[in-house]
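Text of start-v6.txt (compact mmCIF, C-alpha atoms) as supplied:
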# COMPACT_ATOMS: atom_id res chain seq x y z
CA MET A 1492 3.30 50.99 276.99
CA SER A 1493 2.18 54.64 277.06
CA PHE A 1494 -0.47 55.90 274.65
CA LEU A 1495 2.02 57.98 272.61
CA ARG A 1496 4.47 55.10 272.30
CA ARG A 1497 1.68 52.91 271.07
CA VAL A 1498 0.65 55.45 268.45
CA PHE A 1499 4.15 55.80 267.09
CA SER A 1500 5.06 52.04 267.36
CA ALA A 1501 4.96 50.38 263.96
CA ASP A 1502 4.81 46.96 265.60
CA TYR A 1503 1.85 47.97 267.72
CA ARG A 1504 -0.04 49.40 264.75
CA ALA A 1505 0.75 46.24 262.76
CA ALA A 1506 -0.51 44.12 265.66
CA VAL A 1507 -3.78 46.04 265.85
CA ALA A 1508 -4.25 45.75 262.10
CA ALA A 1509 -3.49 42.01 262.12
CA GLU A 1510 -5.92 41.45 265.00
CA ALA A 1511 -8.62 43.37 263.15
CA ALA A 1512 -7.97 41.20 260.10
CA GLY A 1513 -8.23 38.02 262.19
CA ASN A 1514 -4.56 37.06 261.76
CA VAL A 1515 -3.97 36.12 265.39
CA GLU A 1516 -0.55 34.56 264.83
CA LEU A 1517 0.86 37.73 263.23
CA ALA A 1518 -0.91 39.86 265.81
CA ALA A 1519 0.65 37.84 268.65
CA GLU A 1520 4.11 38.24 267.11
CA ARG A 1521 3.72 42.00 266.63
CA TYR A 1522 2.26 42.59 270.10
CA ALA A 1523 5.24 40.76 271.53
CA LEU A 1524 7.69 42.86 269.49
CA ALA A 1525 5.91 45.99 270.72
CA GLY A 1526 6.26 44.84 274.32
CA GLU A 1527 2.51 44.50 274.70
CA HIS A 1528 2.34 41.32 276.82
CA ASP A 1529 -1.38 41.67 277.40
CA GLY A 1530 -2.04 41.67 273.66
CA ALA A 1531 0.42 38.81 273.06
CA VAL A 1532 -1.29 36.66 275.70
CA ARG A 1533 -4.73 37.51 274.34
CA MET A 1534 -3.70 36.51 270.81
CA HIS A 1535 -2.10 33.24 271.94
CA LEU A 1536 -5.31 32.40 273.79
CA ALA A 1537 -7.20 33.13 270.57
CA ARG A 1538 -4.77 30.86 268.70
CA ALA A 1539 -5.53 28.09 271.21
CA ALA A 1540 -9.27 28.53 270.72
CA ARG A 1541 -8.85 28.10 266.95
CA ALA A 1542 -6.32 25.23 267.12
CA ALA A 1543 -7.07 22.21 264.95
CA SER A 1544 -5.67 19.71 267.45
CA ARG A 1545 -5.17 19.34 271.17
CA GLN A 1546 -1.40 19.52 270.83
CA ALA A 1547 -1.60 22.72 268.79
CA GLU A 1548 -3.89 24.17 271.47
CA ILE A 1549 -1.43 23.24 274.22
CA GLY A 1550 1.45 24.75 272.24
CA ALA A 1551 -0.42 28.06 271.87
CA LEU A 1552 -1.29 28.10 275.58
CA ARG A 1553 2.34 27.48 276.56
CA ASP A 1554 3.23 30.53 274.41
CA ALA A 1555 0.58 32.47 276.33
CA MET A 1556 2.14 31.38 279.65
CA ARG A 1557 5.58 32.45 278.46
CA TRP A 1558 4.39 35.97 277.53
CA ALA A 1559 2.31 36.29 280.70
CA GLY A 1560 5.54 36.41 282.67
CA GLU A 1561 5.00 37.25 286.33
CA GLU A 1562 2.08 39.63 285.77
CA PRO A 1563 -0.57 38.12 288.13
CA GLY A 1564 -3.66 38.74 286.05
CA LEU A 1565 -2.17 37.47 282.80
CA ARG A 1566 -0.52 34.49 284.49
CA LYS A 1567 -3.76 33.43 286.19
CA ARG A 1568 -5.67 33.58 282.92
CA ALA A 1569 -3.08 31.65 280.89
CA ALA A 1570 -2.44 29.09 283.64
CA LYS A 1571 -6.13 28.26 284.00
CA ALA A 1572 -6.52 27.69 280.25
CA LEU A 1573 -3.32 25.62 279.96
CA GLY A 1574 -4.16 23.56 283.07
CA ARG A 1575 -7.61 22.72 281.70
CA ALA A 1576 -6.17 21.69 278.33
CA LEU A 1577 -3.49 19.48 279.91
CA TRP A 1578 -6.01 17.79 282.24
CA GLU A 1579 -8.50 17.13 279.45
CA ASN A 1580 -5.69 15.73 277.30
CA ALA A 1581 -4.48 13.43 280.10
CA ARG A 1582 -8.00 12.22 280.81
CA ALA A 1583 -8.60 11.51 277.11
CA GLU A 1584 -5.33 9.59 276.68
CA GLY A 1585 -5.67 7.65 279.92
CA ILE A 1586 -3.59 7.70 283.09
CA ALA A 1587 -1.58 4.49 283.32
CA THR A 1588 2.08 5.34 283.90
CA GLU A 1589 4.11 7.53 286.22
CA ARG A 1590 4.75 9.84 283.29
CA ASP A 1591 0.97 10.25 282.86
CA ARG A 1592 0.63 11.09 286.54
CA THR A 1593 3.39 13.68 286.25
CA LYS A 1594 1.42 15.38 283.47
CA VAL A 1595 -1.68 15.45 285.68
CA ARG A 1596 0.32 17.03 288.50
CA GLU A 1597 1.52 19.76 286.12
CA ALA A 1598 -2.08 20.39 285.08
CA ALA A 1599 -3.19 20.60 288.73
CA GLU A 1600 -0.43 23.09 289.62
CA LEU A 1601 -1.45 25.31 286.71
CA LEU A 1602 -5.12 25.09 287.70
CA ILE A 1603 -4.25 26.13 291.25
CA THR A 1604 -2.31 29.10 289.83
CA GLY A 1605 -5.38 29.87 287.74
CA GLU A 1606 -7.54 29.56 290.89
CA ASP A 1607 -9.62 26.71 289.47
CA HIS A 1608 -9.30 24.76 292.72
CA ALA A 1609 -12.23 22.42 292.06
CA LEU A 1610 -10.77 21.09 288.82
CA ALA A 1611 -7.27 20.89 290.34
CA GLY A 1612 -8.65 18.74 293.17
CA GLU A 1613 -10.49 16.52 290.68
CA ALA A 1614 -7.28 15.97 288.71
CA LEU A 1615 -5.26 15.10 291.82
CA GLU A 1616 -7.93 12.68 293.07
CA ALA A 1617 -7.79 10.93 289.70
CA ILE A 1618 -4.16 9.95 290.40
CA GLY A 1619 -4.85 8.98 294.01
CA ASP A 1620 -3.27 12.08 295.57
CA HIS A 1621 -6.13 12.73 297.97
CA GLN A 1622 -4.00 14.80 300.32
CA GLY A 1623 -2.95 17.09 297.47
CA ALA A 1624 -6.59 17.28 296.38
CA ALA A 1625 -7.64 18.27 299.90
CA LEU A 1626 -5.11 21.12 299.86
CA ALA A 1627 -6.40 22.25 296.47
CA TYR A 1628 -10.01 22.21 297.67
CA SER A 1629 -8.98 24.03 300.85
CA GLY A 1630 -7.35 26.79 298.79
CA GLY A 1631 -10.67 27.33 297.05
CA GLY A 1632 -12.71 27.22 300.26
CA LEU A 1633 -14.39 23.97 299.18
CA VAL A 1634 -14.70 22.55 302.69
CA GLU A 1635 -17.00 19.63 301.94
CA LYS A 1636 -14.85 18.41 299.06
CA MET A 1637 -11.74 18.85 301.24
CA GLU A 1638 -13.24 16.64 303.98
CA GLN A 1639 -14.25 13.99 301.44
CA ALA A 1640 -10.70 13.93 300.03
CA LEU A 1641 -9.20 13.60 303.52
CA THR A 1642 -11.52 10.67 304.23
CA LYS A 1643 -10.31 9.01 301.04
CA GLU A 1644 -6.69 9.70 302.06
CA ASP A 1645 -7.29 7.94 305.38
CA SER A 1646 -8.78 5.00 303.48
CA VAL A 1647 -5.75 4.87 301.19
CA HIS A 1648 -3.42 4.82 304.20
CA ASP A 1649 -5.47 2.03 305.78
CA ARG A 1650 -5.28 -0.04 302.60
CA ALA A 1651 -1.55 0.61 302.26
CA ARG A 1652 -1.02 -0.49 305.88
CA GLU A 1653 -3.12 -3.60 305.28
CA GLU A 1654 -1.07 -4.33 302.14
CA ARG A 1655 2.24 -3.99 304.03
CA ASP A 1656 1.03 -6.10 306.94
CA ALA A 1657 -0.30 -8.79 304.59
CA PHE A 1658 2.95 -8.98 302.62
CA ASP A 1659 5.08 -9.09 305.79
CA SER A 1660 2.87 -11.91 307.08
CA TYR A 1661 3.19 -13.70 303.72
CA GLN A 1662 6.99 -13.59 303.93
CA THR A 1663 6.96 -14.90 307.51
CA ASN A 1664 4.52 -17.70 306.74
CA MET A 1665 6.49 -18.77 303.68
CA ARG A 1666 9.67 -18.91 305.73
CA VAL A 1667 8.18 -20.99 308.56
CA GLY A 1668 6.25 -23.33 306.25
CA ARG A 1669 2.65 -22.14 306.68
CA ARG A 1670 1.90 -22.04 302.96
CA ASP A 1671 -1.91 -21.96 303.07
CA ALA A 1672 -1.70 -18.99 305.44
CA ALA A 1673 0.84 -17.37 303.10
CA ARG A 1674 -1.61 -17.74 300.22
CA THR A 1675 -4.33 -16.06 302.27
CA ASP A 1676 -1.89 -13.21 302.98
CA LEU A 1677 -1.22 -12.71 299.28
CA VAL A 1678 -4.95 -12.50 298.56
CA ARG A 1679 -5.21 -9.82 301.28
CA ALA A 1680 -2.25 -7.93 299.79
CA ILE A 1681 -3.87 -7.99 296.33
CA ALA A 1682 -7.12 -6.63 297.80
CA GLY A 1683 -5.30 -3.70 299.41
CA ALA A 1684 -2.82 -2.89 296.65
CA ALA A 1685 -3.18 -0.11 294.13
CA GLN A 1686 -0.88 -2.08 291.80
CA ALA A 1687 -1.13 -5.80 292.49
CA GLY A 1688 0.87 -7.22 289.56
CA GLU A 1689 3.80 -8.51 291.64
CA TYR A 1690 1.49 -10.03 294.25
CA ARG A 1691 -0.47 -11.80 291.51
CA ARG A 1692 2.77 -13.21 290.10
CA LEU A 1693 3.72 -14.52 293.55
CA LEU A 1694 0.25 -16.00 293.98
CA ASP A 1695 0.42 -17.78 290.61
CA HIS A 1696 3.86 -19.17 291.53
CA LEU A 1697 2.61 -20.37 294.92
CA ASP A 1698 -0.50 -21.97 293.43
CA THR A 1699 1.73 -23.87 291.01
CA ALA A 1700 3.98 -25.04 293.85
CA LEU A 1701 1.30 -26.08 296.34
CA LEU A 1702 0.85 -29.81 296.91
CA THR A 1703 -2.79 -30.58 297.69
CA ALA A 1704 -3.50 -33.98 296.11
CA GLY A 1705 -2.14 -36.19 298.89
CA LYS A 1706 1.26 -36.89 297.41
CA VAL A 1707 4.82 -35.59 297.78
CA GLU A 1708 8.10 -36.74 296.24
CA LEU A 1709 11.34 -36.52 298.21
CA LYS A 1710 14.29 -36.48 295.83
CA ARG A 1711 17.50 -37.43 297.59
CA ARG A 1712 20.85 -36.52 296.10
CA GLY A 1713 22.38 -39.71 294.68
CA LYS A 1714 19.76 -41.98 296.27
CA PRO A 1715 16.43 -43.49 295.14
CA LEU A 1716 13.24 -41.48 295.25
CA ILE A 1717 10.84 -41.65 298.19
CA VAL A 1718 7.11 -40.99 297.68
CA ALA A 1719 4.73 -40.29 300.55
CA CYS A 1720 1.06 -40.63 299.70
CA ALA A 1721 -2.39 -40.22 301.21
CA ALA A 1722 -4.39 -40.29 297.99
CA PRO A 1723 -7.52 -42.51 297.90
CA LYS A 1724 -5.98 -44.43 295.01
CA ILE A 1725 -2.34 -45.10 294.15
CA VAL A 1726 -1.69 -45.55 290.43
CA LEU A 1727 1.46 -47.35 289.27
CA GLY A 1728 2.79 -47.02 285.71
CA ARG A 1729 5.09 -45.31 283.22
CA ASP A 1730 3.06 -42.11 283.03
CA ALA A 1731 4.88 -39.31 284.85
CA LEU A 1732 1.57 -38.35 286.50
CA CYS A 1733 1.26 -41.74 288.20
CA ASP A 1734 1.66 -41.76 291.98
CA LEU A 1735 4.57 -44.15 291.56
CA PRO A 1736 6.11 -43.57 288.11
CA LEU A 1737 8.17 -46.51 286.81
CA ARG A 1738 10.65 -46.88 283.95
CA ALA A 1739 10.87 -50.66 283.58
CA GLY A 1740 10.16 -52.20 280.21
CA GLY A 1741 6.81 -53.91 279.88
CA VAL A 1742 5.07 -51.54 282.30
CA SER A 1743 2.02 -49.82 280.82
CA ARG A 1744 1.36 -46.09 281.15
CA GLN A 1745 -1.21 -46.82 283.85
CA HIS A 1746 -0.51 -50.41 284.78
CA ALA A 1747 -2.09 -51.13 288.17
CA GLU A 1748 -3.92 -49.42 290.99
CA ILE A 1749 -4.05 -49.72 294.77
CA ASP A 1750 -7.19 -48.39 296.42
CA ARG A 1751 -7.51 -47.82 300.14
CA ALA A 1752 -11.19 -48.55 300.69
CA ASP A 1753 -11.35 -51.00 303.64
CA GLY A 1754 -7.61 -51.72 303.57
CA PHE A 1755 -5.25 -51.81 300.61
CA HIS A 1756 -6.38 -53.65 297.46
CA LEU A 1757 -4.46 -54.19 294.21
CA ARG A 1758 -6.02 -54.51 290.76
CA ASP A 1759 -4.72 -54.50 287.21
CA LEU A 1760 -5.76 -51.63 284.90
CA ASP A 1761 -6.04 -53.75 281.74
CA SER A 1762 -2.28 -53.51 281.25
CA ARG A 1763 -0.62 -55.01 278.20
CA ASN A 1764 1.62 -57.46 280.14
CA GLY A 1765 -0.54 -58.03 283.19
CA THR A 1766 0.07 -58.01 286.94
CA THR A 1767 1.09 -60.97 289.10
CA ILE A 1768 1.01 -61.57 292.85
CA GLY A 1769 2.79 -64.44 294.50
CA GLY A 1770 3.84 -65.51 291.02
CA LEU A 1771 0.22 -65.91 289.83
CA PRO A 1772 -1.72 -63.69 287.41
CA LEU A 1773 -3.82 -61.11 289.21
CA VAL A 1774 -7.55 -61.46 288.61
CA GLY A 1775 -9.95 -58.91 289.97
CA ARG A 1776 -9.23 -56.97 293.16
CA VAL A 1777 -6.84 -58.57 295.67
CA PRO A 1778 -6.06 -57.34 299.22
CA LEU A 1779 -2.48 -56.55 300.16
CA ALA A 1780 -1.90 -57.89 303.67
CA ASP A 1781 1.22 -58.42 305.76
CA ALA A 1782 4.17 -58.69 303.35
CA GLY A 1783 4.80 -60.04 299.88
CA ARG A 1784 5.69 -59.23 296.30
CA PHE A 1785 3.75 -58.43 293.14
CA GLY A 1786 4.97 -57.89 289.60
CA LEU A 1787 4.09 -55.48 286.83
CA GLY A 1788 4.87 -57.28 283.58
CA ASP A 1789 8.04 -59.34 283.51
CA GLU A 1790 10.65 -56.73 284.52
CA CYS A 1791 9.27 -54.90 287.54
CA SER A 1792 8.92 -56.53 290.93
CA ILE A 1793 7.61 -54.63 293.94
CA ASP A 1794 7.86 -55.71 297.57
CA PHE A 1795 5.06 -54.60 299.87
CA GLU A 1796 4.35 -54.40 303.59
CA ALA A 1797 0.89 -53.55 304.89
CA LYS A 1798 0.41 -53.14 308.61
CA ASP A 1799 -1.71 -50.94 310.90
CA GLY A 1800 -3.11 -48.92 308.01
CA ILE A 1801 0.34 -48.15 306.53
CA LEU A 1802 1.51 -49.51 303.17
CA ILE A 1803 5.17 -49.57 302.12
CA LEU A 1804 6.22 -50.38 298.56
CA ARG A 1805 9.83 -50.95 297.47
CA ILE A 1806 10.93 -51.48 293.86
CA ALA A 1807 13.01 -54.67 293.95
CA ASN A 1808 14.72 -54.57 290.53
CA GLY A 1809 15.32 -52.68 287.30
CA LEU A 1810 16.00 -48.99 286.66
CA ASP A 1811 13.89 -47.92 289.67
CA ARG A 1812 15.39 -50.34 292.16
CA GLY A 1813 15.28 -48.86 295.66
CA VAL A 1814 12.48 -46.38 294.91
CA SER A 1815 9.92 -46.60 297.71
CA LEU A 1816 6.43 -45.39 298.59
CA VAL A 1817 4.82 -44.96 301.99
CA ALA A 1818 1.02 -44.56 302.09
CA GLY A 1819 -1.63 -44.05 304.73
CA ASP A 1820 -4.80 -42.14 305.49
CA ASP A 1821 -5.03 -38.37 305.69
CA GLY A 1822 -4.07 -37.38 309.23
CA VAL A 1823 -1.99 -40.52 309.87
CA LYS A 1824 1.71 -40.10 310.68
CA LEU A 1825 3.95 -41.68 308.05
CA GLU A 1826 7.35 -42.48 309.55
CA LEU A 1827 9.95 -42.40 306.78
CA ALA A 1828 12.64 -44.14 308.85
CA THR A 1829 11.28 -47.40 307.39
CA VAL A 1830 12.46 -46.25 303.94
CA GLY A 1831 15.77 -44.65 304.94
CA ILE A 1832 15.00 -41.14 306.27
CA GLY A 1833 14.30 -40.40 309.92
CA LEU A 1834 11.67 -37.78 309.05
CA GLU A 1835 7.88 -38.03 309.26
CA ILE A 1836 5.01 -36.71 307.15
CA VAL A 1837 1.35 -36.21 308.01
CA PHE A 1838 -1.11 -35.21 305.28
CA GLN A 1839 -3.76 -32.68 306.22
CA ARG A 1840 -6.48 -32.24 303.61
CA GLY A 1841 -4.03 -33.59 301.05
CA ARG A 1842 -1.23 -31.22 302.09
CA PRO A 1843 2.09 -32.79 303.20
CA MET A 1844 3.23 -31.59 306.65
CA LEU A 1845 6.86 -32.42 307.45
CA GLY A 1846 8.17 -33.17 310.94
CA ARG A 1847 11.68 -33.93 312.21
CA GLY A 1848 10.78 -37.47 313.29
CA ASN A 1849 13.70 -38.99 315.18
CA LEU A 1850 16.22 -36.47 313.81
CA ARG A 1851 17.50 -33.29 315.44
CA ASP A 1852 19.80 -31.89 312.77
CA VAL A 1853 17.28 -30.81 310.11
CA THR A 1854 17.17 -27.59 308.09
CA PHE A 1855 14.23 -26.40 306.01
CA ASN A 1856 15.13 -23.93 303.25
CA ASP A 1857 18.38 -23.12 305.11
CA GLU A 1858 16.68 -22.52 308.47
CA PRO A 1859 16.63 -24.96 311.42
CA LEU A 1860 13.44 -27.03 311.54
CA GLY A 1861 11.79 -26.81 314.96
CA ASP A 1862 9.26 -28.99 316.65
CA LEU A 1863 6.31 -27.76 314.58
CA ARG A 1864 5.51 -29.38 311.25
CA VAL A 1865 5.91 -27.34 308.04
CA GLN A 1866 3.77 -27.50 304.91
CA LEU A 1867 5.85 -28.67 301.97
CA ILE A 1868 5.59 -27.24 298.45
CA ARG A 1869 7.48 -27.95 295.25
CA GLY A 1870 10.95 -26.43 295.36
CA ASP A 1871 11.52 -26.74 299.11
CA ARG A 1872 14.96 -27.94 300.15
CA ILE A 1873 15.57 -30.09 303.21
CA VAL A 1874 18.87 -31.19 304.75
CA ALA A 1875 18.31 -34.09 307.16
CA ALA A 1876 21.35 -35.32 309.07
CA GLY A 1877 23.56 -34.02 306.27
CA GLU A 1878 21.48 -35.56 303.47
CA GLU A 1879 20.12 -33.11 300.87
CA ILE A 1880 16.50 -33.60 299.78
CA ASP A 1881 14.51 -31.65 297.17
CA VAL A 1882 10.72 -31.59 297.30
CA GLY A 1883 8.90 -32.33 294.05
Can I see the file as structure tokens?
Amino acid sequence: MSFLRRVFSADYRAAVAAEAAGNVELAAERYALAGEHDGAVRMHLARAARAASRQAEIGALRDAMRWAGEEPGLRKRAAKALGRALWENARAEGIATERDRTKVREAAELLITGEDHALAGEALEAIGDHQGAALAYSGGGLVEKMEQALTKEDSVHDRAREERDAFDSYQTNMRVGRRDAARTDLVRAIAGAAQAGEYRRLLDHLDTALLTAGKVELKRRGKPLIVACAAPKIVLGRDALCDLPLRAGGVSRQHAEIDRADGFHLRDLDSRNGTTIGGLPLVGRVPLADAGRFGLGDECSIDFEAKDGILILRIANGLDRGVSLVAGDDGVKLELATVGIGLEIVFQRGRPMLGRGNLRDVTFNDEPLGDLRVQLIRGDRIVAAGEEIDVG
């Protein structure tokens, strides 16, 4: 505005008077009405400096940006002040969501417009945008900071690549039955991930499903349960946590135990109705050799075969009739054909490894089972010669 127009402009005179009186809001309004953008911006910046809250400050600075228009000097000044306020606000509130990161990006763009390249780079690094930070530092001639940001960007790319490779390996190992290796892959993915929540969920699920205690249950559709076991002790009873859970009346929660120290030996666990072998009450610890039958209480009879380090138990009567258990040492092949399935299991460090045995038509989680053994976990599904089996 020319000098004469200013002199004769009532709005301009009112703005000057309001500014002199310290009424920055009225002064900003009057400068704007007079077309004095410089004065309007100056008053809005003064409003921001006096603001009682961060939000009021930001509101005043946005007004300053609006009145700065495209005039370079005014825009630079207002943008720098608004960018600083937005960045300080974001830092104070915390940066946790994508919306928070968007706010930081807005602050950085304003700081670059205001030529505060150092603070813009700091803001972008805070949200992991090291490449954007490098560009900001470069614009300000901050070569050392630019190189540091680029080094961090390379590190981020390396971690992201490691994360992708680890997760791809996890998926492959889960599919082909290498579950311990899959767990290791998930740990690697968590280490390389910026946000590891989903990987942690998968790891928790896998840890719950892993079978490591030397026991696996094979649940056949419409047929009795088969248990394979390599635990040092085999506990029989009504408790669901027993190695061979039984439902017959008169069986105690933990009724009897078979230990595998120097062969297989049976002993009663102070059950209410006692244990018999060969029709006689069991006293102490008795070896199970060759073949025979023992009873838990009056309603549960169990046939056994013990030969070459392998023990086979078959429930002979009651609700669990036909349920069977095959047991041997860790590392010993347990052929399940003896209990009605042509598969085989070998335990390795308590983990059940499934092989095709004498079968050829076997699928494992809907994929053909090859010659290599697969590590079973809870929830696996096997189809062996047309028979559906769930792993529990």
Go through segment 1790-1874 of chain A residue by residue and, counting all atoms listed in the file, keep those with an atom at most 12 Å from segment 1689-1699 of chain A; for each kept residue give the shortest atom pair and its distance in Å to one decimal, ordered by chain and increasing number, as a Markdown table.
| residue | atom | partner | partner_atom | distance |
| --- | --- | --- | --- | --- |
| A:Leu1867 | CA | A:Leu1697 | CA | 11.4 |
| A:Ile1868 | CA | A:Leu1697 | CA | 8.3 |
| A:Arg1869 | CA | A:Thr1699 | CA | 8.2 |
| A:Gly1870 | CA | A:Leu1697 | CA | 10.3 |
| A:Asp1871 | CA | A:Leu1697 | CA | 11.7 |
May I have the residues from that selection written out with C-alpha atoms, as an mmCIF file, in the frame of the given file?
data_model
loop_
_atom_site.group_PDB
_atom_site.id
_atom_site.type_symbol
_atom_site.label_atom_id
_atom_site.label_comp_id
_atom_site.auth_asym_id
_atom_site.auth_seq_id
_atom_site.Cartn_x
_atom_site.Cartn_y
_atom_site.Cartn_z
ATOM 1 C CA LEU A 1867 5.850 -28.670 301.970
ATOM 2 C CA ILE A 1868 5.590 -27.240 298.450
ATOM 3 C CA ARG A 1869 7.480 -27.950 295.250
ATOM 4 C CA GLY A 1870 10.950 -26.430 295.360
ATOM 5 C CA ASP A 1871 11.520 -26.740 299.110
#
For this session: Mind giving me the straight-line distance from atom CA of Asp1750 of chain A to atom CA of Gly1819 of chain A in Å, one decimal?
Result: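 Straight-line distance from atom CA of Asp1750 of chain A to atom CA of Gly1819 of chain A works out to 10.9 Å.
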Exercise. Counting all atoms listed in the file, what is within 12 Å of His1648 of chain A, bar same-chain residues fewer than 3 positions away, as a PyMOL selection string?
Worked result: chain A and resi 1619-1622+1641-1645+1651-1655+1683-1685
Which residues of segment 1709-1791 of chain A come within 12 Å of segment 1824-1830 of chain A, and what is each one's closest atom pair and distance in Å (one decimal), counting all atoms listed in the file, sorted by chain and residue number, as a Markdown table?
| residue | atom | partner | partner_atom | distance |
| --- | --- | --- | --- | --- |
| A:Leu1709 | CA | A:Leu1827 | CA | 10.5 |
| A:Arg1711 | CA | A:Val1830 | CA | 12.0 |
| A:Lys1714 | CA | A:Val1830 | CA | 11.4 |
| A:Pro1715 | CA | A:Val1830 | CA | 10.0 |
| A:Leu1716 | CA | A:Val1830 | CA | 9.9 |
| A:Ile1717 | CA | A:Val1830 | CA | 7.5 |
| A:Val1718 | CA | A:Leu1827 | CA | 9.6 |
| A:Ala1719 | CA | A:Leu1825 | CA | 7.7 |
| A:Cys1720 | CA | A:Leu1825 | CA | 8.9 |
| A:Ala1721 | CA | A:Leu1825 | CA | 9.4 |
Exercise. Please, what distance in Å, to one decimal, runs between atom CA of Leu1552 of chain A and atom CA of Ala1539 of chain A?
Worked result: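 We find that atom CA of Leu1552 of chain A and atom CA of Ala1539 of chain A lie 6.1 Å from each other.
Put simply, atom CA of Asp1794 of chain A is 25.9 Å away from atom CA of Glu1879 of chain A.
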For this session: Would you kindly return, as a list in words, each protein, DNA or RNA residue with an atom no farther than 6 Å from any atom of segment 1723-1737 of chain A, considering all atoms listed in the file and excluding same-chain residues fewer than 5 positions away?
Result: Ser1743, Arg1744, Gln1745, His1746, Ala1747, Glu1748, Ile1749, Asp1750 and Arg1751 of chain A
Just-selected residues, C-alpha atoms written as a PDB file, in the coordinates of the input:
ATOM      1  CA  SER A1743       2.020 -49.820 280.820  1.00  0.00           C
ATOM      2  CA  ARG A1744       1.360 -46.090 281.150  1.00  0.00           C
ATOM      3  CA  GLN A1745      -1.210 -46.820 283.850  1.00  0.00           C
ATOM      4  CA  HIS A1746      -0.510 -50.410 284.780  1.00  0.00           C
ATOM      5  CA  ALA A1747      -2.090 -51.130 288.170  1.00  0.00           C
ATOM      6  CA  GLU A1748      -3.920 -49.420 290.990  1.00  0.00           C
ATOM      7  CA  ILE A1749      -4.050 -49.720 294.770  1.00  0.00           C
ATOM      8  CA  ASP A1750      -7.190 -48.390 296.420  1.00  0.00           C
ATOM      9  CA  ARG A1751      -7.510 -47.820 300.140  1.00  0.00           C
TER      10      ARG A1751
END
Exercise. Which is closer to Gly1841 of chain A than all the others in A:Leu1810, A:Leu1757, A:Ala1509, A:Val1707, using only C-alpha atoms?
Worked result: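 So, comparing all the options, the nearest one is A:Val1707.
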